[in-house]
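Below: input-v3.txt (compact mmCIF, C-alpha atoms and all ligand atoms)
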```txt
# COMPACT_ATOMS: atom_id res chain seq x y z
CA MET Z 1 -3.90 -75.25 -22.37
CA SER Z 2 -2.91 -71.77 -23.62
CA GLU Z 3 0.65 -70.53 -23.11
CA LEU Z 4 -0.63 -67.87 -20.70
CA GLU Z 5 -2.64 -70.42 -18.71
CA ARG Z 6 0.56 -72.46 -18.26
CA ILE Z 7 2.51 -69.35 -17.14
CA ILE Z 8 -0.17 -68.45 -14.57
CA GLN Z 9 -0.42 -72.03 -13.27
CA ASP Z 10 3.38 -72.20 -12.87
CA LYS Z 11 3.33 -68.93 -10.94
CA ILE Z 12 0.60 -70.22 -8.59
CA THR Z 13 2.48 -73.50 -8.08
CA ALA Z 14 5.63 -71.53 -7.18
CA ASP Z 15 4.14 -68.66 -5.13
CA GLY Z 16 0.82 -70.00 -3.79
CA PRO Z 17 -2.80 -68.94 -4.50
CA MET Z 18 -3.29 -65.74 -6.52
CA SER Z 19 -5.79 -62.88 -6.04
CA VAL Z 20 -8.42 -62.27 -8.70
CA ALA Z 21 -6.68 -58.90 -9.29
CA VAL Z 22 -3.35 -60.46 -10.23
CA PHE Z 23 -5.09 -63.09 -12.40
CA MET Z 24 -7.04 -60.35 -14.21
CA THR Z 25 -3.93 -58.22 -14.71
CA LEU Z 26 -1.97 -61.14 -16.21
CA ALA Z 27 -4.89 -62.25 -18.41
CA LEU Z 28 -5.37 -58.75 -19.82
CA SER Z 29 -1.90 -57.26 -19.86
CA HIS Z 30 0.81 -59.94 -19.71
CA PRO Z 31 3.55 -58.30 -21.86
CA GLU Z 32 3.50 -61.11 -24.43
CA TYR Z 33 0.21 -63.03 -24.17
CA GLY Z 34 -2.15 -60.55 -22.46
CA TYR Z 35 -5.57 -60.14 -24.08
CA TYR Z 36 -5.22 -56.43 -24.93
CA VAL Z 37 -1.53 -56.64 -25.75
CA SER Z 38 -1.90 -59.11 -28.58
CA ARG Z 39 -5.03 -58.14 -30.56
CA ASP Z 40 -7.71 -55.69 -31.69
CA PRO Z 41 -10.71 -57.12 -29.78
CA PHE Z 42 -13.50 -55.02 -31.29
CA GLY Z 43 -16.19 -55.56 -33.91
CA VAL Z 44 -17.90 -58.56 -35.50
CA ASP Z 45 -14.67 -60.54 -35.86
CA GLY Z 46 -13.59 -59.71 -32.30
CA ASP Z 47 -15.14 -60.33 -28.92
CA PHE Z 48 -17.25 -57.24 -28.17
CA THR Z 49 -18.53 -53.95 -29.57
CA THR Z 50 -18.35 -50.67 -27.67
CA ALA Z 51 -20.60 -47.59 -27.95
CA PRO Z 52 -18.30 -45.55 -30.24
CA GLU Z 53 -18.03 -48.58 -32.56
CA ILE Z 54 -21.83 -48.83 -32.76
CA SER Z 55 -22.35 -45.33 -34.16
CA GLN Z 56 -20.60 -42.03 -34.83
CA MET Z 57 -23.44 -40.36 -32.89
CA PHE Z 58 -21.90 -41.45 -29.57
CA GLY Z 59 -18.61 -39.63 -30.13
CA GLU Z 60 -20.39 -36.66 -31.71
CA MET Z 61 -22.54 -36.11 -28.62
CA ILE Z 62 -19.43 -36.22 -26.46
CA GLY Z 63 -17.72 -33.78 -28.84
CA ALA Z 64 -20.65 -31.39 -28.35
CA TRP Z 65 -20.33 -31.81 -24.56
CA ILE Z 66 -16.62 -31.00 -24.76
CA CYS Z 67 -17.24 -27.82 -26.76
CA ASP Z 68 -19.96 -26.64 -24.40
CA THR Z 69 -17.82 -27.40 -21.36
CA ALA Z 70 -14.60 -25.90 -22.62
CA ILE Z 71 -16.21 -22.75 -23.93
CA ASN Z 72 -18.65 -22.04 -21.12
CA GLN Z 73 -17.06 -23.53 -18.03
CA ILE Z 74 -13.29 -23.35 -18.17
CA ASP Z 75 -11.45 -20.07 -18.27
CA ALA Z 76 -8.75 -21.01 -20.82
CA ASP Z 77 -8.18 -21.15 -24.56
CA ARG Z 78 -5.68 -24.03 -24.61
CA PHE Z 79 -6.39 -27.56 -23.49
CA ASN Z 80 -4.86 -31.00 -23.24
CA PHE Z 81 -7.30 -33.64 -24.46
CA PHE Z 82 -6.60 -36.90 -22.70
CA GLU Z 83 -8.26 -40.26 -23.38
CA LEU Z 84 -7.76 -43.39 -21.30
CA GLY Z 85 -7.93 -46.70 -23.17
CA PRO Z 86 -8.95 -45.27 -26.58
CA GLY Z 87 -9.38 -48.66 -28.33
CA ARG Z 88 -9.46 -47.94 -32.07
CA GLY Z 89 -9.50 -44.16 -31.48
CA THR Z 90 -13.06 -43.88 -32.80
CA LEU Z 91 -14.57 -41.94 -29.88
CA MET Z 92 -11.89 -39.23 -29.90
CA SER Z 93 -11.92 -39.02 -33.69
CA ASP Z 94 -15.72 -38.46 -33.79
CA ALA Z 95 -15.56 -36.00 -30.86
CA LEU Z 96 -12.74 -33.92 -32.36
CA ARG Z 97 -14.53 -33.76 -35.74
CA VAL Z 98 -17.29 -31.87 -33.91
CA ALA Z 99 -14.80 -29.76 -31.94
CA LYS Z 100 -13.15 -28.65 -35.20
CA ASN Z 101 -16.24 -26.53 -35.87
CA VAL Z 102 -15.24 -24.20 -33.04
CA PRO Z 103 -12.69 -21.77 -34.53
CA GLY Z 104 -9.25 -22.00 -32.92
CA PHE Z 105 -10.29 -24.67 -30.39
CA LEU Z 106 -8.07 -27.48 -31.65
CA GLU Z 107 -5.16 -25.41 -33.00
CA SER Z 108 -3.91 -24.52 -29.54
CA SER Z 109 -4.69 -27.87 -27.91
CA ALA Z 110 -2.77 -31.16 -27.71
CA LEU Z 111 -3.87 -34.79 -27.62
CA HIS Z 112 -2.62 -37.35 -25.07
CA LEU Z 113 -3.56 -41.04 -24.95
CA LEU Z 114 -3.07 -43.68 -22.24
CA GLU Z 115 -2.74 -47.07 -23.93
CA MET Z 116 -0.79 -50.19 -23.08
CA SER Z 117 -1.48 -52.19 -26.24
CA PRO Z 118 0.97 -51.83 -29.16
CA VAL Z 119 -1.69 -53.22 -31.55
CA LEU Z 120 -4.23 -50.61 -30.47
CA ARG Z 121 -1.67 -47.77 -30.44
CA GLU Z 122 -1.17 -48.54 -34.14
CA LYS Z 123 -4.95 -48.30 -34.77
CA GLN Z 124 -5.07 -45.04 -32.81
CA LYS Z 125 -2.26 -43.64 -34.93
CA GLN Z 126 -4.34 -44.34 -38.05
CA ALA Z 127 -7.51 -42.75 -36.62
CA LEU Z 128 -5.94 -39.76 -34.85
CA GLY Z 129 -2.61 -39.15 -36.62
CA GLU Z 130 -3.65 -35.67 -37.81
CA TYR Z 131 -3.73 -34.50 -34.15
CA SER Z 132 -0.17 -35.78 -33.46
CA PRO Z 133 -1.09 -37.71 -30.31
CA VAL Z 134 1.41 -38.40 -27.54
CA TRP Z 135 1.10 -41.86 -25.93
CA HIS Z 136 1.60 -42.64 -22.25
CA GLY Z 137 1.98 -45.94 -20.39
CA ASP Z 138 0.87 -44.45 -17.07
CA LEU Z 139 -0.28 -41.15 -15.59
CA SER Z 140 3.11 -39.89 -14.42
CA SER Z 141 4.10 -38.37 -17.78
CA VAL Z 142 0.74 -36.74 -18.61
CA PRO Z 143 1.23 -32.93 -18.56
CA SER Z 144 -0.67 -30.58 -16.27
CA ASP Z 145 0.39 -27.30 -17.93
CA LYS Z 146 -3.07 -26.70 -19.48
CA PRO Z 147 -6.59 -27.66 -18.35
CA LEU Z 148 -7.38 -31.30 -19.12
CA ILE Z 149 -10.43 -32.63 -20.92
CA ILE Z 150 -10.47 -36.31 -20.00
CA LEU Z 151 -12.49 -39.10 -21.62
CA ALA Z 152 -12.69 -42.79 -20.70
CA ASN Z 153 -15.17 -45.26 -22.19
CA GLU Z 154 -15.03 -48.86 -20.96
CA PHE Z 155 -11.62 -48.31 -19.39
CA LEU Z 156 -12.32 -48.74 -15.67
CA ASP Z 157 -14.00 -52.12 -16.15
CA ALA Z 158 -10.63 -53.50 -17.30
CA LEU Z 159 -8.85 -52.47 -14.09
CA PRO Z 160 -8.61 -55.40 -11.66
CA VAL Z 161 -11.04 -56.30 -8.86
CA ARG Z 162 -10.76 -58.58 -5.84
CA HIS Z 163 -13.36 -60.89 -4.32
CA LEU Z 164 -14.23 -61.00 -0.62
CA VAL Z 165 -16.47 -63.70 0.89
CA TRP Z 166 -18.35 -63.28 4.21
CA ARG Z 167 -17.58 -66.25 6.50
CA GLY Z 168 -18.69 -66.35 10.14
CA GLU Z 169 -18.18 -62.78 11.21
CA ALA Z 170 -15.45 -61.59 8.86
CA TRP Z 171 -14.40 -61.07 5.26
CA ARG Z 172 -12.08 -63.61 3.66
CA GLU Z 173 -10.42 -63.07 0.29
CA ARG Z 174 -11.27 -65.48 -2.52
CA LEU Z 175 -8.12 -66.58 -4.34
CA ILE Z 176 -7.27 -68.78 -7.30
CA ASP Z 177 -5.30 -72.00 -6.82
CA VAL Z 178 -4.41 -74.93 -9.08
CA LYS Z 179 -5.61 -78.50 -8.51
CA ASP Z 180 -5.04 -81.40 -10.92
CA GLY Z 181 -4.04 -78.98 -13.66
CA ALA Z 182 -7.16 -76.79 -13.33
CA PHE Z 183 -7.90 -73.45 -11.65
CA VAL Z 184 -9.98 -73.69 -8.45
CA TRP Z 185 -11.29 -71.16 -5.90
CA VAL Z 186 -9.87 -71.11 -2.37
CA GLU Z 187 -10.22 -68.63 0.50
CA THR Z 188 -7.85 -66.96 2.95
CA ALA Z 189 -8.48 -65.18 6.24
CA ASP Z 190 -5.37 -63.12 5.65
CA VAL Z 191 -6.86 -60.02 3.96
CA ALA Z 192 -4.63 -56.96 3.37
CA GLU Z 193 -5.49 -53.65 5.04
CA ASP Z 194 -5.97 -51.75 1.77
CA VAL Z 195 -8.41 -54.43 0.54
CA LEU Z 196 -10.52 -54.13 3.70
CA ALA Z 197 -10.32 -50.33 3.46
CA ALA Z 198 -11.92 -50.57 -0.01
CA VAL Z 199 -15.08 -52.27 1.36
CA PRO Z 200 -18.00 -49.91 0.54
CA PRO Z 201 -20.80 -49.06 3.01
CA VAL Z 202 -23.42 -51.56 1.75
CA PRO Z 203 -26.74 -50.64 3.48
CA VAL Z 204 -27.60 -54.27 4.46
CA ALA Z 205 -25.42 -56.57 6.59
CA PRO Z 206 -23.74 -59.44 4.69
CA LYS Z 207 -25.05 -63.03 4.95
CA GLU Z 208 -22.89 -66.14 5.13
CA GLY Z 209 -21.28 -66.74 1.73
CA ASP Z 210 -22.07 -63.29 0.27
CA ILE Z 211 -19.43 -62.11 -2.19
CA LEU Z 212 -18.31 -58.50 -2.37
CA GLU Z 213 -16.24 -57.13 -5.23
CA VAL Z 214 -13.77 -54.44 -4.28
CA SER Z 215 -11.05 -52.71 -6.24
CA PRO Z 216 -8.33 -50.93 -4.30
CA GLU Z 217 -6.48 -50.83 -7.64
CA ARG Z 218 -9.19 -48.70 -9.28
CA LEU Z 219 -9.43 -46.41 -6.26
CA CYS Z 220 -5.66 -45.96 -6.25
CA PHE Z 221 -5.62 -45.22 -9.99
CA MET Z 222 -8.44 -42.70 -9.64
CA ARG Z 223 -6.75 -40.97 -6.70
CA ASP Z 224 -3.71 -40.40 -8.94
CA LEU Z 225 -5.95 -39.10 -11.73
CA PHE Z 226 -7.68 -36.70 -9.30
CA GLY Z 227 -4.25 -35.41 -8.27
CA LEU Z 228 -3.43 -34.70 -11.92
CA LEU Z 229 -6.77 -32.96 -12.48
CA LYS Z 230 -6.30 -30.80 -9.38
CA LYS Z 231 -2.93 -29.63 -10.70
CA ALA Z 232 -4.14 -29.00 -14.25
CA ARG Z 233 -7.82 -28.07 -13.65
CA GLY Z 234 -10.39 -29.35 -16.14
CA VAL Z 235 -13.15 -31.93 -16.52
CA ALA Z 236 -13.58 -35.68 -16.98
CA LEU Z 237 -16.25 -38.02 -18.34
CA PHE Z 238 -16.08 -41.70 -17.36
CA ILE Z 239 -18.53 -44.04 -19.08
CA ASP Z 240 -18.86 -47.70 -18.17
CA TYR Z 241 -21.22 -50.44 -17.08
CA GLY Z 242 -21.68 -50.38 -13.41
CA TYR Z 243 -23.95 -49.85 -10.47
CA ALA Z 244 -24.95 -46.62 -8.75
CA ARG Z 245 -25.42 -48.26 -5.31
CA PRO Z 246 -23.08 -50.73 -3.56
CA ALA Z 247 -24.39 -54.32 -3.39
CA TYR Z 248 -23.21 -57.88 -2.80
CA GLY Z 249 -22.55 -60.21 -5.72
CA GLU Z 250 -19.83 -60.64 -8.28
CA SER Z 251 -19.78 -59.15 -11.76
CA LEU Z 252 -16.47 -60.50 -13.05
CA GLN Z 253 -17.18 -61.80 -16.53
CA ALA Z 254 -15.33 -63.26 -19.49
CA LEU Z 255 -16.36 -62.56 -23.06
CA TYR Z 256 -15.15 -64.59 -26.01
CA LYS Z 257 -16.41 -64.01 -29.55
CA HIS Z 258 -19.50 -62.08 -28.38
CA ALA Z 259 -20.56 -64.79 -25.86
CA PHE Z 260 -19.96 -65.18 -22.13
CA CYS Z 261 -17.63 -67.96 -21.02
CA GLY Z 262 -16.19 -69.07 -17.64
CA VAL Z 263 -13.48 -66.80 -16.21
CA PHE Z 264 -11.03 -69.72 -16.28
CA GLU Z 265 -11.75 -70.48 -19.97
CA HIS Z 266 -9.80 -69.02 -22.92
CA VAL Z 267 -7.38 -67.31 -20.50
CA GLY Z 268 -5.65 -64.49 -22.43
CA ASP Z 269 -8.03 -64.97 -25.40
CA ALA Z 270 -11.19 -63.78 -23.65
CA ASP Z 271 -11.89 -60.26 -22.37
CA LEU Z 272 -12.22 -60.08 -18.57
CA THR Z 273 -14.14 -57.20 -17.01
CA ALA Z 274 -16.02 -56.28 -13.85
CA HIS Z 275 -18.74 -53.69 -13.28
CA VAL Z 276 -17.73 -50.32 -11.87
CA ASP Z 277 -18.84 -49.19 -8.41
CA PHE Z 278 -19.87 -45.63 -9.34
CA ALA Z 279 -21.19 -44.89 -5.83
CA GLY Z 280 -17.73 -45.54 -4.37
CA LEU Z 281 -16.08 -43.42 -7.06
CA GLN Z 282 -18.52 -40.58 -6.52
CA ASP Z 283 -17.73 -40.60 -2.77
CA LEU Z 284 -14.03 -40.53 -3.60
CA VAL Z 285 -14.45 -37.58 -6.00
CA GLN Z 286 -16.12 -35.61 -3.23
CA ALA Z 287 -13.70 -36.73 -0.51
CA GLU Z 288 -10.78 -35.57 -2.65
CA GLY Z 289 -12.32 -32.11 -3.02
CA LEU Z 290 -13.30 -32.25 -6.71
CA GLU Z 291 -16.67 -31.23 -8.12
CA CYS Z 292 -18.91 -34.18 -9.06
CA PHE Z 293 -21.53 -33.36 -11.71
CA GLY Z 294 -23.34 -36.65 -11.06
CA VAL Z 295 -23.76 -40.20 -12.30
CA VAL Z 296 -26.50 -40.60 -14.91
CA PRO Z 297 -27.60 -43.46 -17.18
CA GLN Z 298 -26.06 -43.31 -20.65
CA GLY Z 299 -29.47 -43.16 -22.39
CA ALA Z 300 -30.60 -40.10 -20.41
CA PHE Z 301 -27.22 -38.41 -20.89
CA LEU Z 302 -27.24 -38.84 -24.68
CA LYS Z 303 -30.85 -37.73 -24.98
CA ARG Z 304 -30.21 -34.59 -22.94
CA LEU Z 305 -27.36 -33.76 -25.30
CA GLY Z 306 -29.67 -34.10 -28.32
CA ILE Z 307 -28.94 -37.52 -29.83
CA ASP Z 308 -32.54 -37.79 -31.13
CA MET Z 309 -32.07 -34.64 -33.19
CA ARG Z 310 -28.75 -35.85 -34.54
CA ALA Z 311 -30.32 -39.21 -35.47
CA ALA Z 312 -33.17 -37.43 -37.31
CA THR Z 313 -30.66 -35.38 -39.34
CA LEU Z 314 -28.61 -38.46 -40.26
CA LYS Z 315 -31.76 -40.39 -41.21
CA LYS Z 316 -32.95 -37.61 -43.51
CA ALA Z 317 -29.55 -37.42 -45.24
CA GLY Z 318 -29.16 -41.18 -45.82
CA THR Z 319 -30.74 -43.98 -47.87
CA PRO Z 320 -33.67 -45.95 -46.33
CA GLU Z 321 -31.19 -48.68 -45.36
CA GLN Z 322 -28.85 -46.18 -43.67
CA ALA Z 323 -31.84 -44.64 -41.89
CA ARG Z 324 -32.72 -48.07 -40.48
CA ASP Z 325 -29.13 -48.51 -39.26
CA VAL Z 326 -29.22 -45.11 -37.53
CA GLU Z 327 -32.49 -46.04 -35.82
CA LYS Z 328 -31.05 -49.38 -34.68
CA ALA Z 329 -27.91 -47.72 -33.32
CA LEU Z 330 -29.96 -45.09 -31.49
CA HIS Z 331 -31.96 -47.88 -29.86
CA ARG Z 332 -28.84 -49.81 -28.79
CA LEU Z 333 -27.15 -46.76 -27.30
CA THR Z 334 -30.13 -45.34 -25.43
CA ASP Z 335 -32.85 -47.97 -24.76
CA SER Z 336 -33.11 -49.12 -21.14
CA GLY Z 337 -33.12 -52.78 -22.26
CA GLU Z 338 -29.87 -52.23 -24.18
CA MET Z 339 -27.02 -49.90 -23.12
CA GLY Z 340 -29.19 -47.00 -21.94
CA GLU Z 341 -29.57 -47.97 -18.27
CA LEU Z 342 -26.70 -50.37 -17.45
CA PHE Z 343 -24.09 -47.95 -18.75
CA LYS Z 344 -23.53 -44.89 -16.61
CA VAL Z 345 -21.82 -41.57 -17.24
CA MET Z 346 -19.93 -39.97 -14.38
CA GLY Z 347 -18.71 -36.39 -14.74
CA PHE Z 348 -16.38 -34.48 -12.47
CA GLY Z 349 -14.01 -31.57 -12.59
CA TYR Z 350 -11.79 -29.14 -10.76
CA GLY Z 351 -11.86 -25.37 -11.06
CA THR Z 352 -15.29 -25.41 -12.75
CA ASP Z 353 -18.58 -23.97 -11.60
CA GLY Z 354 -20.19 -27.40 -11.61
CA ARG Z 355 -23.13 -26.92 -14.01
CA PHE Z 356 -22.86 -29.23 -16.98
CA ALA Z 357 -25.02 -30.29 -19.89
CA GLY Z 358 -26.30 -33.85 -19.65
CA PHE Z 359 -26.37 -34.21 -15.84
N1 LIG T 1 -12.54 -46.80 -25.20
C1 LIG T 1 -12.52 -47.77 -26.26
C2 LIG T 1 -11.91 -49.11 -25.86
C3 LIG T 1 -12.40 -49.80 -24.62
S1 LIG T 1 -11.57 -51.33 -24.31
C4 LIG T 1 -13.93 -47.95 -26.81
O1 LIG T 1 -14.87 -47.49 -26.17
O2 LIG T 1 -14.08 -48.55 -27.88
C5 LIG T 1 -10.35 -50.92 -23.11
C6 LIG T 1 -9.19 -50.09 -23.61
O3 LIG T 1 -8.36 -49.79 -22.49
C7 LIG T 1 -8.28 -50.75 -24.62
O4 LIG T 1 -7.78 -49.74 -25.48
C8 LIG T 1 -7.18 -51.33 -23.73
O5 LIG T 1 -6.01 -51.64 -24.44
C9 LIG T 1 -7.01 -50.22 -22.73
N2 LIG T 1 -6.47 -50.60 -21.42
C10 LIG T 1 -6.99 -51.53 -20.57
N3 LIG T 1 -6.28 -51.58 -19.42
C11 LIG T 1 -5.30 -50.64 -19.54
C12 LIG T 1 -4.25 -50.19 -18.68
N4 LIG T 1 -4.07 -50.74 -17.48
N5 LIG T 1 -3.44 -49.19 -19.12
C13 LIG T 1 -3.62 -48.64 -20.34
N6 LIG T 1 -4.62 -49.02 -21.19
C14 LIG T 1 -5.43 -50.00 -20.82
```
Go ahead and express the file in the form of structure tokens.
Ligand code: SAH
Amino acid sequence: MSELERIIQDKITADGPMSVAVFMTLALSHPEYGYYVSRDPFGVDGDFTTAPEISQMFGEMIGAWICDTAINQIDADRFNFFELGPGRGTLMSDALRVAKNVPGFLESSALHLLEMSPVLREKQKQALGEYSPVWHGDLSSVPSDKPLIILANEFLDALPVRHLVWRGEAWRERLIDVKDGAFVWVETADVAEDVLAAVPPVPVAPKEGDILEVSPERLCFMRDLFGLLKKARGVALFIDYGYARPAYGESLQALYKHAFCGVFEHVGDADLTAHVDFAGLQDLVQAEGLECFGVVPQGAFLKRLGIDMRAATLKKAGTPEQARDVEKALHRLTDSGEMGELFKVMGFGYGTDGRFAGF
């Protein structure tokens, strides 16, 4: 049993069954043994690979989007770039390399990063040191004195979800208990108001035993982010795997060394994520009075921004082997059987005129 598993089991024994959200938070961000706190999880030696780690083309396309947006849509010449959960800093580094081509754009701008992991902050310092980034542990210290350009790739999927189960005529919450030294699922009829308030309008009625994943924690986080964006003005791109229409079913998954495992296995050593409900977020963007540019599949977004042209240029400039790698990366990022359809891009802003490349 891992040290973290023992800590969580002791907590359940002392306090009673635990929500999926608390379990996920401890597994990912326990100050000593949390998954993100204690390692660099990316690449072949890690547990998973993200889009910016697959190819420089991903960050370059986003860099082009930033330039187009900042120059054509926002009436300002100074910006605060802000990335949430930057991992190794690869996405921002590739994007800012493109943005450097616009004279004066970066000189008057600043870079802010939201990151909880000391290991990853160190990696980000190596990748982005030339831009003198300022790190934040939460949103409260992020400045709103200049328009914000916000990026987040695979950040929201790490924020905790809860599980509801339909029993009889009502939702119960599915919790985690301990029995004979192992984690087991239990249910409670005592469901908090804010959890029930996060239930999305699924078009079909639930059947006995249907599970619904909700995340008041994500909604609360995004409400705070919208508040910041309304003060500062600016735009945001959120990219993640998720669904564009609410549905029943659970998507909580654990990933360990590039393979799925049970959510109770390798606790603290496996990544835990859940798909993002983009329909719910889109409703929230509109309800909060921001401009939503849309939610589009990653493949379509990258193609509209010209990734095929960029790939052709890179292929021409490289060796035959490099050209094959570029082709493979292009396929992974954009094909509907790979990341092209499952991953979605959501764009929104405040104080813009709402017409954006890629949507
Ligand atoms: N965007 C990067 C990394 C994605 S992994 C990429 O595409 O490669 C998720 C990132 O979010 C990691 O950097 C992780 O440490 C960070 N993270 C997860 N939950 C967080 C939280 N609650 N607060 C701050 N950072 C968090």
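Near Z:Tyr248, within a cut-off of 9 Å and counting all atoms listed in the file, sit the residues Val202, Pro206, Asp210, Ile211, Leu212, Glu213, Pro246 and Glu250 of chain Z, with same-chain residues fewer than 2 positions away left out.
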Residue among Z:Leu26, Z:Leu120, Z:Cys261, Z:Val195 lying closest to Z:Lys11, counting all atoms listed in the file: Z:Leu26
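One distance worth recording is that between atom CA of Z:His266 and atom CA of Z:Val165, which is 25.3 Å.
With only C-alpha atoms taken into account, every residue lying no more than 7 Å from the file point (-4.6, -56.4, -12.0) is included here: Ala21, Val22, Phe23, Met24, Thr25, Leu26, Leu159 and Pro160 of chain Z.
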Quick one: residues within 12 Å of Z:Ala14, only C-alpha atoms, excluding same-chain residues fewer than 5 positions away - as number ranges by chain? Z: 7-9, 177-178
Nearest to Z:Gly89 among Z:Ser19, Z:Thr188, Z:Thr352, Z:Gln56, with distances taken over all atoms listed in the file: which residue is it?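 Under the stated criterion, the closest residue is Z:Gln56.
You can rank Z:Pro52, Z:Pro297, Z:Gly349, Z:Gly318 by their closest distance to Z:Ile150 using all atoms listed in the file, and at the top of that list sits Z:Gly349.
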Kindly provide the residues of chain Z that approach ligand LIG 1 (chain T) to within 7 Å, each paired with its closest atom pair and their distance in Å to one decimal, based on all atoms listed in the file, listed by chain and increasing number, as a tab-separated table.
```
residue	atom	partner	partner_atom	distance
Z:Tyr36	CA	T:LIG1	O5	4.9
Z:Val37	CA	T:LIG1	O5	6.8
Z:Thr50	CA	T:LIG1	O2	4.8
Z:Ala51	CA	T:LIG1	O1	6.0
Z:Pro52	CA	T:LIG1	O1	5.7
Z:Glu53	CA	T:LIG1	O2	6.1
Z:Leu84	CA	T:LIG1	N6	6.4
Z:Gly85	CA	T:LIG1	O3	3.2
Z:Pro86	CA	T:LIG1	N1	4.1
Z:Gly87	CA	T:LIG1	O4	3.4
Z:Arg88	CA	T:LIG1	O2	6.3
Z:Thr90	CA	T:LIG1	O2	6.9
Z:Leu91	CA	T:LIG1	O1	6.7
Z:Leu114	CA	T:LIG1	C13	5.3
Z:Glu115	CA	T:LIG1	N6	3.9
Z:Met116	CA	T:LIG1	C13	4.2
Z:Ser117	CA	T:LIG1	O5	4.9
Z:Leu120	CA	T:LIG1	O4	6.2
Z:Gly137	CA	T:LIG1	C13	6.2
Z:Asp138	CA	T:LIG1	N5	6.7
Z:Ala152	CA	T:LIG1	N1	6.0
Z:Asn153	CA	T:LIG1	N1	4.3
Z:Glu154	CA	T:LIG1	C3	4.6
Z:Phe155	CA	T:LIG1	C5	4.7
Z:Ala158	CA	T:LIG1	N3	5.2
Z:Leu159	CA	T:LIG1	N3	6.0
```
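Compared by their closest atoms to Z:Asp15, and using all atoms listed in the file, the residues Z:Ala198, Z:Leu272, Z:Ile176, Z:Ala247 rank with Z:Ile176 nearest.
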